[in-house]
$ cat coords.txt   # compact mmCIF, C-alpha atoms (C1' of nucleotides)
# COMPACT_ATOMS: atom_id res chain seq x y z
CA MET M 270 -27.70 -2.37 -21.80
CA PRO M 271 -26.38 -0.12 -19.07
CA VAL M 272 -25.62 -1.57 -15.67
CA THR M 273 -28.00 -0.12 -13.10
CA PHE M 274 -28.48 -0.48 -9.38
CA ALA M 275 -31.45 -2.78 -9.98
CA SER M 276 -29.78 -4.87 -12.65
CA THR M 277 -26.80 -5.39 -10.39
CA LEU M 278 -29.06 -6.60 -7.59
CA ASP M 279 -30.63 -9.03 -10.04
CA MET M 280 -27.25 -10.21 -11.14
CA LEU M 281 -26.18 -10.85 -7.57
CA ALA M 282 -29.39 -12.75 -6.83
CA ASP M 283 -29.05 -14.80 -9.98
CA ARG M 284 -25.62 -15.92 -8.94
CA GLY M 285 -26.80 -16.91 -5.51
CA TYR M 286 -25.45 -13.98 -3.55
CA ARG M 287 -27.71 -12.67 -0.81
CA LEU M 288 -29.09 -9.18 -1.15
CA THR M 289 -28.10 -7.99 2.27
CA ARG M 290 -28.63 -4.47 3.49
CA PRO M 291 -24.90 -3.75 3.84
CA ARG M 292 -24.32 -4.85 0.27
CA GLN M 293 -27.15 -2.72 -0.99
CA ALA M 294 -25.80 0.24 0.92
CA VAL M 295 -22.39 -0.14 -0.69
CA LEU M 296 -23.96 -0.49 -4.10
CA ARG M 297 -26.08 2.62 -3.61
CA ALA M 298 -23.01 4.57 -2.59
CA LEU M 299 -21.30 3.61 -5.82
CA PHE M 300 -24.29 4.27 -8.03
CA GLU M 301 -25.04 7.63 -6.48
CA ASP M 302 -21.60 8.97 -7.13
CA ASP M 303 -20.53 9.53 -10.67
CA ASP M 304 -16.89 9.56 -9.82
CA TRP M 305 -14.42 7.14 -8.37
CA LEU M 306 -14.20 6.69 -4.61
CA ARG M 307 -11.69 5.39 -2.13
CA PRO M 308 -12.79 2.52 0.10
CA GLU M 309 -12.98 4.92 3.03
CA GLU M 310 -15.26 7.21 1.07
CA VAL M 311 -17.43 4.32 0.01
CA LEU M 312 -17.82 3.49 3.69
CA THR M 313 -18.90 7.01 4.55
CA HIS M 314 -21.51 7.10 1.83
CA ALA M 315 -22.72 3.58 2.48
CA ARG M 316 -23.31 4.48 6.11
CA GLU M 317 -25.79 7.11 5.03
CA HIS M 318 -27.94 4.23 3.92
CA PHE M 319 -27.14 1.68 6.55
CA PRO M 320 -25.20 3.12 9.46
CA SER M 321 -23.81 -0.09 10.84
CA VAL M 322 -21.83 -1.20 7.78
CA GLY M 323 -18.23 -1.87 8.55
CA LEU M 324 -15.16 -1.20 6.49
CA VAL M 325 -14.50 -4.91 6.13
CA THR M 326 -17.78 -5.39 4.35
CA VAL M 327 -17.00 -2.50 2.07
CA TYR M 328 -13.76 -4.17 1.04
CA ARG M 329 -15.43 -7.49 0.57
CA THR M 330 -18.24 -6.03 -1.47
CA LEU M 331 -15.90 -4.01 -3.63
CA GLY M 332 -13.87 -7.12 -4.28
CA LEU M 333 -16.97 -9.02 -5.26
CA LEU M 334 -18.22 -6.29 -7.53
CA GLU M 335 -14.86 -6.07 -9.18
CA GLU M 336 -14.88 -9.79 -9.89
CA LEU M 337 -18.29 -9.41 -11.43
CA GLY M 338 -17.10 -6.53 -13.54
CA VAL M 339 -19.45 -3.98 -11.99
CA VAL M 340 -16.71 -1.76 -10.67
CA ARG M 341 -13.25 -1.03 -11.90
CA ARG M 342 -10.33 -0.63 -9.60
CA ILE M 343 -8.10 2.27 -10.49
CA HIS M 344 -4.73 3.34 -9.28
CA VAL M 345 -4.74 6.63 -7.42
CA GLU M 346 -2.23 8.30 -5.19
CA PRO M 347 -1.88 8.55 -2.37
CA GLY M 348 -3.23 5.35 -0.89
CA CYS M 349 -3.32 3.38 -4.08
CA HIS M 350 -6.86 2.23 -4.67
CA GLY M 351 -10.00 3.82 -5.94
CA TYR M 352 -13.12 2.22 -7.28
CA ALA M 353 -15.38 3.45 -10.04
CA LEU M 354 -18.42 1.97 -11.67
CA ALA M 355 -17.21 0.13 -14.72
CA GLY M 356 -19.72 2.00 -16.86
CA LEU M 357 -18.25 5.40 -16.11
CA GLY M 358 -15.79 6.75 -18.57
CA HIS M 359 -13.49 4.30 -20.22
CA GLY M 360 -10.69 3.89 -17.78
CA HIS M 361 -8.80 6.91 -19.00
CA TYR M 362 -7.24 9.09 -16.37
CA LEU M 363 -4.89 11.99 -16.03
CA THR M 364 -3.09 12.14 -12.72
CA CYS M 365 -0.98 15.03 -11.56
CA ARG M 366 2.29 14.02 -9.97
CA SER M 367 2.44 17.14 -7.93
CA CYS M 368 -1.04 17.56 -6.41
CA HIS M 369 -2.24 14.00 -7.04
CA ARG M 370 -5.51 15.18 -8.44
CA VAL M 371 -7.13 12.80 -10.84
CA LEU M 372 -8.99 13.91 -13.92
CA GLU M 373 -10.96 11.54 -16.05
CA PHE M 374 -10.95 12.11 -19.75
CA PRO M 375 -13.24 10.64 -22.34
CA GLY M 376 -11.26 8.33 -24.58
CA ARG M 377 -12.66 9.24 -27.91
CA GLU M 378 -10.14 7.29 -29.88
CA ASP M 379 -10.39 3.59 -30.05
CA LEU M 380 -7.90 1.24 -28.48
CA SER M 381 -9.58 -1.89 -29.75
CA PRO M 382 -7.31 -2.54 -32.75
CA LEU M 383 -4.35 -2.52 -30.42
CA ILE M 384 -6.15 -4.72 -27.95
CA ARG M 385 -7.10 -7.23 -30.59
CA GLN M 386 -3.51 -7.43 -31.73
CA ILE M 387 -2.24 -8.02 -28.20
CA SER M 388 -4.83 -10.73 -27.64
CA ARG M 389 -3.72 -12.62 -30.69
CA HIS M 390 -0.09 -12.38 -29.70
CA THR M 391 -0.42 -13.40 -26.08
CA GLY M 392 -3.55 -15.46 -25.65
CA PHE M 393 -4.83 -12.96 -23.12
CA VAL M 394 -8.53 -12.24 -23.08
CA VAL M 395 -8.55 -8.53 -22.42
CA GLU M 396 -11.55 -7.57 -20.32
CA ASP M 397 -10.73 -4.03 -19.39
CA HIS M 398 -8.09 -1.41 -19.76
CA LEU M 399 -6.65 1.45 -17.87
CA LEU M 400 -4.83 4.28 -19.54
CA GLU M 401 -3.23 6.60 -17.09
CA LEU M 402 -1.34 9.63 -18.21
CA SER M 403 0.77 11.21 -15.54
CA GLY M 404 2.30 14.60 -15.59
CA THR M 405 1.83 18.05 -14.22
CA CYS M 406 -1.48 19.83 -14.26
CA ALA M 407 -1.83 23.40 -15.35
CA THR M 408 -2.15 24.72 -11.81
CA CYS M 409 0.92 22.98 -10.48
CA ARG M 410 2.91 23.97 -13.51
CA ARG M 411 2.19 27.62 -12.87
CA ARG M 412 3.07 27.22 -9.20
CA ARG M 413 6.37 25.52 -10.03
CA ARG M 414 7.32 28.08 -12.56
CA SER M 415 6.93 30.89 -10.08
CA ALA M 416 8.91 29.07 -7.38
CA PRO M 417 11.41 26.72 -8.95
CA ARG M 418 13.10 24.29 -6.64
CA ARG M 419 16.82 23.72 -7.12
CA ARG M 420 19.08 21.77 -4.91
CA ARG M 421 22.21 23.67 -5.61
CA GLU M 422 23.39 26.91 -7.05
CA PRO M 423 26.08 26.25 -9.68
CA MET L 164 21.17 8.57 -25.15
CA PRO L 165 20.22 5.62 -22.99
CA VAL L 166 20.25 5.99 -19.25
CA THR L 167 22.94 3.80 -17.76
CA PHE L 168 24.17 3.03 -14.27
CA ALA L 169 27.12 5.34 -14.77
CA SER L 170 25.14 8.17 -16.31
CA THR L 171 22.70 8.02 -13.43
CA LEU L 172 25.53 8.31 -10.94
CA ASP L 173 26.78 11.34 -12.84
CA MET L 174 23.34 12.85 -12.83
CA LEU L 175 23.02 12.39 -9.08
CA ALA L 176 26.43 13.94 -8.49
CA ASP L 177 25.64 16.86 -10.79
CA ARG L 178 22.56 17.64 -8.78
CA GLY L 179 24.44 17.54 -5.54
CA TYR L 180 23.31 14.17 -4.27
CA ARG L 181 25.93 12.05 -2.59
CA LEU L 182 26.95 8.80 -4.17
CA THR L 183 26.56 6.65 -1.11
CA ARG L 184 27.05 2.92 -1.11
CA PRO L 185 23.40 2.19 -0.23
CA ARG L 186 22.24 4.31 -3.14
CA GLN L 187 24.62 2.64 -5.50
CA ALA L 188 23.45 -0.76 -4.32
CA VAL L 189 19.83 0.14 -5.02
CA LEU L 190 20.73 1.47 -8.41
CA ARG L 191 22.69 -1.66 -9.30
CA ALA L 192 19.72 -3.78 -8.31
CA LEU L 193 17.52 -1.87 -10.68
CA PHE L 194 19.97 -1.87 -13.55
CA GLU L 195 20.76 -5.55 -13.25
CA ASP L 196 17.16 -6.59 -13.54
CA ASP L 197 15.43 -6.03 -16.82
CA ASP L 198 12.01 -6.27 -15.28
CA TRP L 199 10.06 -4.36 -12.71
CA LEU L 200 10.60 -5.06 -9.01
CA ARG L 201 8.69 -4.54 -5.80
CA PRO L 202 10.41 -2.48 -3.11
CA GLU L 203 10.94 -5.65 -1.11
CA GLU L 204 12.66 -7.27 -4.08
CA VAL L 205 14.79 -4.23 -4.66
CA LEU L 206 15.91 -4.55 -1.05
CA THR L 207 16.88 -8.20 -1.50
CA HIS L 208 18.92 -7.50 -4.59
CA ALA L 209 20.47 -4.36 -3.21
CA ARG L 210 21.67 -6.33 -0.20
CA GLU L 211 23.69 -8.54 -2.49
CA HIS L 212 25.82 -5.48 -3.12
CA PHE L 213 25.70 -3.83 0.25
CA PRO L 214 24.26 -6.06 2.96
CA SER L 215 23.38 -3.40 5.46
CA VAL L 216 20.97 -1.38 3.33
CA GLY L 217 17.63 -0.90 4.98
CA LEU L 218 14.18 -0.88 3.49
CA VAL L 219 13.76 2.77 4.36
CA THR L 220 16.67 3.72 2.17
CA VAL L 221 15.24 1.65 -0.63
CA TYR L 222 12.01 3.59 -0.45
CA ARG L 223 13.81 6.88 -0.27
CA THR L 224 16.06 6.06 -3.17
CA LEU L 225 13.20 4.81 -5.30
CA GLY L 226 11.32 8.00 -4.58
CA LEU L 227 14.31 10.07 -5.55
CA LEU L 228 14.90 8.12 -8.74
CA GLU L 229 11.28 8.44 -9.66
CA GLU L 230 11.43 12.21 -9.23
CA LEU L 231 14.45 12.27 -11.49
CA GLY L 232 12.68 10.18 -14.08
CA VAL L 233 15.09 7.28 -13.85
CA VAL L 234 12.50 4.79 -12.71
CA ARG L 235 8.82 4.53 -13.36
CA ARG L 236 6.37 3.47 -10.72
CA ILE L 237 3.85 1.00 -11.98
CA HIS L 238 0.72 -0.40 -10.51
CA VAL L 239 0.90 -4.11 -9.77
CA GLU L 240 -1.21 -6.44 -7.70
CA PRO L 241 -1.00 -7.52 -5.07
CA GLY L 242 0.74 -4.89 -3.01
CA CYS L 243 0.28 -2.00 -5.36
CA HIS L 244 3.69 -0.72 -6.28
CA GLY L 245 6.42 -1.90 -8.56
CA TYR L 246 9.35 0.03 -9.98
CA ALA L 247 10.94 -0.35 -13.37
CA LEU L 248 13.70 1.51 -15.09
CA ALA L 249 12.06 4.20 -17.13
CA GLY L 250 13.95 3.03 -20.20
CA LEU L 251 12.40 -0.42 -20.16
CA GLY L 252 9.38 -0.96 -22.32
CA HIS L 253 6.94 1.85 -22.59
CA GLY L 254 4.67 1.46 -19.65
CA HIS L 255 2.50 -1.12 -21.32
CA TYR L 256 1.38 -4.02 -19.21
CA LEU L 257 -0.95 -6.95 -19.33
CA THR L 258 -2.11 -8.12 -15.93
CA CYS L 259 -4.05 -11.28 -15.28
CA ARG L 260 -6.94 -10.87 -12.89
CA SER L 261 -6.78 -14.45 -11.86
CA CYS L 262 -3.12 -15.17 -11.18
CA HIS L 263 -1.95 -11.53 -10.99
CA ARG L 264 0.97 -12.20 -13.24
CA VAL L 265 2.19 -9.18 -15.12
CA LEU L 266 3.42 -9.30 -18.68
CA GLU L 267 5.02 -6.36 -20.34
CA PHE L 268 4.30 -5.79 -23.97
CA PRO L 269 6.13 -3.60 -26.37
CA GLY L 270 3.87 -0.77 -27.38
CA ARG L 271 4.60 -0.62 -31.03
CA GLU L 272 1.80 1.75 -31.82
CA ASP L 273 2.09 5.34 -30.93
CA LEU L 274 0.00 7.06 -28.33
CA SER L 275 1.51 10.46 -28.91
CA PRO L 276 -1.25 11.89 -31.12
CA LEU L 277 -3.74 11.10 -28.37
CA ILE L 278 -1.45 12.53 -25.75
CA ARG L 279 -0.94 15.72 -27.66
CA GLN L 280 -4.67 16.14 -28.02
CA ILE L 281 -5.24 15.64 -24.30
CA SER L 282 -2.52 18.15 -23.46
CA ARG L 283 -4.12 20.81 -25.57
CA HIS L 284 -7.52 20.20 -24.04
CA THR L 285 -6.50 20.11 -20.40
CA GLY L 286 -3.29 22.04 -19.98
CA PHE L 287 -1.63 18.95 -18.57
CA VAL L 288 1.98 18.33 -19.43
CA VAL L 289 2.03 14.60 -19.89
CA GLU L 290 5.35 13.16 -18.78
CA ASP L 291 4.62 9.48 -18.77
CA HIS L 292 1.88 7.02 -19.42
CA LEU L 293 0.70 3.69 -18.22
CA LEU L 294 -1.46 1.44 -20.32
CA GLU L 295 -2.63 -1.54 -18.42
CA LEU L 296 -4.78 -4.17 -20.02
CA SER L 297 -6.39 -6.52 -17.57
CA GLY L 298 -8.03 -9.79 -18.34
CA THR L 299 -7.39 -13.47 -18.14
CA CYS L 300 -4.18 -15.05 -19.30
CA ALA L 301 -4.13 -18.15 -21.46
CA THR L 302 -3.19 -20.44 -18.57
CA CYS L 303 -5.92 -19.25 -16.25
CA ARG L 304 -8.46 -19.38 -19.02
CA ARG L 305 -7.71 -23.03 -19.63
CA ARG L 306 -7.84 -23.79 -15.93
CA ARG L 307 -11.20 -22.08 -15.57
CA ARG L 308 -12.67 -23.81 -18.54
CA SER L 309 -11.81 -27.22 -17.21
CA ALA L 310 -13.16 -26.44 -13.73
CA PRO L 311 -15.87 -23.82 -13.99
CA ARG L 312 -16.88 -22.24 -10.77
CA ARG L 313 -20.56 -21.67 -10.26
CA ARG L 314 -22.20 -20.65 -7.10
CA ARG L 315 -25.43 -22.35 -7.75
CA GLU L 316 -26.84 -25.15 -9.83
CA PRO L 317 -29.93 -23.98 -11.72
C1' DA V 47 45.89 13.30 5.30
C1' DT V 48 42.83 15.53 8.55
C1' DT V 49 38.99 18.03 9.77
C1' DG V 50 34.41 19.99 9.50
C1' DT V 51 29.88 20.20 7.58
C1' DT V 52 25.83 18.22 6.65
C1' DA V 53 23.29 14.96 3.57
C1' DT V 54 22.23 10.41 4.34
C1' DT V 55 21.54 6.32 6.82
C1' DG V 56 19.34 2.43 9.73
C1' DA V 57 16.46 1.23 13.53
C1' DA V 58 12.45 2.03 15.82
C1' DA V 59 8.26 4.03 16.10
C1' DT V 60 4.22 5.45 13.67
C1' DA V 61 0.66 5.73 10.30
C1' DG V 62 -2.27 3.76 7.10
C1' DT V 63 -4.44 0.20 4.33
C1' DT V 64 -6.12 -4.36 3.52
C1' DT V 65 -6.93 -9.12 5.08
C1' DT V 66 -7.99 -12.84 8.30
C1' DT V 67 -10.49 -14.89 12.06
C1' DC V 68 -14.54 -16.06 14.33
C1' DA V 69 -18.80 -15.98 16.93
C1' DA V 70 -23.21 -13.77 16.01
C1' DT V 71 -26.60 -12.48 12.69
C1' DA V 72 -29.97 -12.38 9.15
C1' DA V 73 -31.25 -13.77 4.14
C1' DG V 74 -33.50 -16.99 1.64
C1' DT V 75 -35.60 -21.60 1.58
C1' DA V 76 -38.30 -25.35 3.08
C1' DT I 275 -41.84 -20.52 11.69
C1' DA I 276 -37.77 -22.86 11.74
C1' DC I 277 -33.55 -24.16 9.35
C1' DT I 278 -29.32 -23.63 6.88
C1' DT I 279 -25.55 -21.22 5.91
C1' DA I 280 -23.77 -17.03 3.51
C1' DT I 281 -22.64 -12.86 5.39
C1' DT I 282 -21.53 -9.59 8.85
C1' DG I 283 -18.86 -6.53 12.32
C1' DA I 284 -15.25 -6.20 15.67
C1' DA I 285 -10.81 -7.29 16.88
C1' DA I 286 -6.54 -8.80 15.62
C1' DA I 287 -3.13 -9.51 12.33
C1' DA I 288 -0.49 -8.70 8.16
C1' DC I 289 1.49 -5.55 5.19
C1' DT I 290 3.10 -1.41 3.15
C1' DA I 291 4.92 3.05 3.57
C1' DT I 292 6.47 7.16 6.18
C1' DT I 293 8.43 9.87 10.01
C1' DT I 294 11.77 10.67 13.61
C1' DC I 295 16.26 11.00 15.27
C1' DA I 296 20.93 10.03 16.79
C1' DA I 297 24.89 8.12 14.39
C1' DT I 298 27.47 7.80 10.19
C1' DA I 299 30.00 8.68 6.14
C1' DA I 300 30.43 11.71 1.69
C1' DC I 301 32.57 15.30 0.16
C1' DA I 302 34.89 19.88 0.37
C1' DA I 303 38.03 22.61 2.54
C1' DT I 304 41.92 22.78 4.65
$ encode --input "coords.txt" --output "structure tokens"
Amino acid sequence: MPVTFASTLDMLADRGYRLTRPRQAVLRALFEDDDWLRPEEVLTHAREHFPSVGLVTVYRTLGLLEELGVVRRIHVEPGCHGYALAGLGHGHYLTCRSCHRVLEFPGREDLSPLIRQISRHTGFVVEDHLLELSGTCATCRRRRRSAPRRRREP
Amino acid sequence: MPVTFASTLDMLADRGYRLTRPRQAVLRALFEDDDWLRPEEVLTHAREHFPSVGLVTVYRTLGLLEELGVVRRIHVEPGCHGYALAGLGHGHYLTCRSCHRVLEFPGREDLSPLIRQISRHTGFVVEDHLLELSGTCATCRRRRRSAPRRRREP
DNA sequence: ATTGTTATTGAAATAGTTTTTCAATAAGTA
DNA sequence: TACTTATTGAAAAACTATTTCAATAACAAT
């Protein structure tokens, strides 16, 4: 069963959290975007639904949703944190070290054998995973090649 | 050939970087610890070798070493950034969502077929990877089980 | 050894992100 | 409608990271 805007509201209510307008605005922002967002971007979009939301509430709501497993926190540069709906993709990202663009890629292969093995070894219950490949994207590679940067001429 | 303290110094000199005492202190700190460190921790250890190093230099040196591929920047909570020698482990981490402890695990299996496939598809040159499994460690799981936290009694 | 050049440094200032505090508000219940 | 209290926004605080800049110290050339 996919996690939807409505099912998340239900979940919150079930657990005794109040369905406040700021919270709903943050949730909408996340569900309307099918990509990850920085907290600041979440704020901007949430304000389209409820103009008086503050950044503090955005942080608090994101933290709550992460605890509940609705969103996934990913590592993006610069600034460190981005949030994506946990349903999107599978936590597989390509990040370019040069331009810092982030590309999501569908993880067709299956990491679960590995994960099961780790669990047995360590006692960890693995709830999520993040696979981040870093390198140089095609665009930056071309740019570098045409203008190589050396510190010293031998 | 493994990257050592000495070989890194050579590499820096070859590229025209000066072998200053602050830099050497930061490098020592990294090579003496066989685990990842936060910038603040790098500072503490570096000061054992050269008391007047400043945090700014630590950041600058870490940035330089990352560019050169000597250290790897990893994502750790809280605070976001940790640095580990690139030779250590293979960028495979288990992080506990509850206590935020980080455990490194040896990635015995090989991700290179996947990586090659991604490269072909996207044009990315993948230089490094980070596989982070998040979940609940054995200790926290036991603690939770004995004192479950519910927001509401049904 | 001494000098000159300049990469590098530390301190302070700045920028940016995330968290805490707290009185006021509003969601859900009675 | 009133009550209870989780939740909020604004301000302040706590951190983390970067920029600026005069002073310093590596290193090369003498």
$ residues_near_point --input "coords.txt" --point "(19.3, 3.9, 10.8)" --cutoff "9 Å" --atoms "all atoms listed in the file" --output "list in words"
Gly217 and Val219 of chain L; DT55, DG56, DA57 and DA58 of chain V; DC295, DA296 and DA297 of chain I
$ residues_around --input "coords.txt" --residues "DT49 in chain V" --least-positions-apart "2" --cutoff "10 Å" --atoms "only C-alpha atoms (C1' of nucleotides)" --output "PyMOL selection string"
(chain V and resi 47+51) or (chain I and resi 303-304)
$ atom_distance --input "coords.txt" --atom1 "CA of Leu190 in chain L" --atom2 "C1' of DA53 in chain V"
18.2 Å
$ closest_residue --input "coords.txt" --among "M:Leu324, M:Val272, M:Val295, M:Leu312" --to "chain V" --atoms "all atoms listed in the file"
M:Leu324
$ interface_residues --input "coords.txt" --of "chain M" --to "chain L" --cutoff "6 Å" --atoms "only C-alpha atoms" --output "compact mmCIF listing (two decimals) with C-alpha atoms, keeping the file's coordinate frame"
# COMPACT_ATOMS: atom_id res chain seq x y z
CA GLY M 392 -3.55 -15.46 -25.65
CA PHE M 393 -4.83 -12.96 -23.12
CA VAL M 394 -8.53 -12.24 -23.08
CA VAL M 395 -8.55 -8.53 -22.42
CA GLU M 396 -11.55 -7.57 -20.32
CA ASP M 397 -10.73 -4.03 -19.39
CA HIS M 398 -8.09 -1.41 -19.76
CA LEU M 399 -6.65 1.45 -17.87
CA LEU M 400 -4.83 4.28 -19.54
CA GLU M 401 -3.23 6.60 -17.09
CA LEU M 402 -1.34 9.63 -18.21
CA SER M 403 0.77 11.21 -15.54
CA GLY M 404 2.30 14.60 -15.59
CA THR M 405 1.83 18.05 -14.22
CA CYS M 406 -1.48 19.83 -14.26
CA ALA M 407 -1.83 23.40 -15.35
$ atom_distance --input "coords.txt" --atom1 "CA of Gly245 in chain L" --atom2 "CA of Ala209 in chain L"
15.2 Å
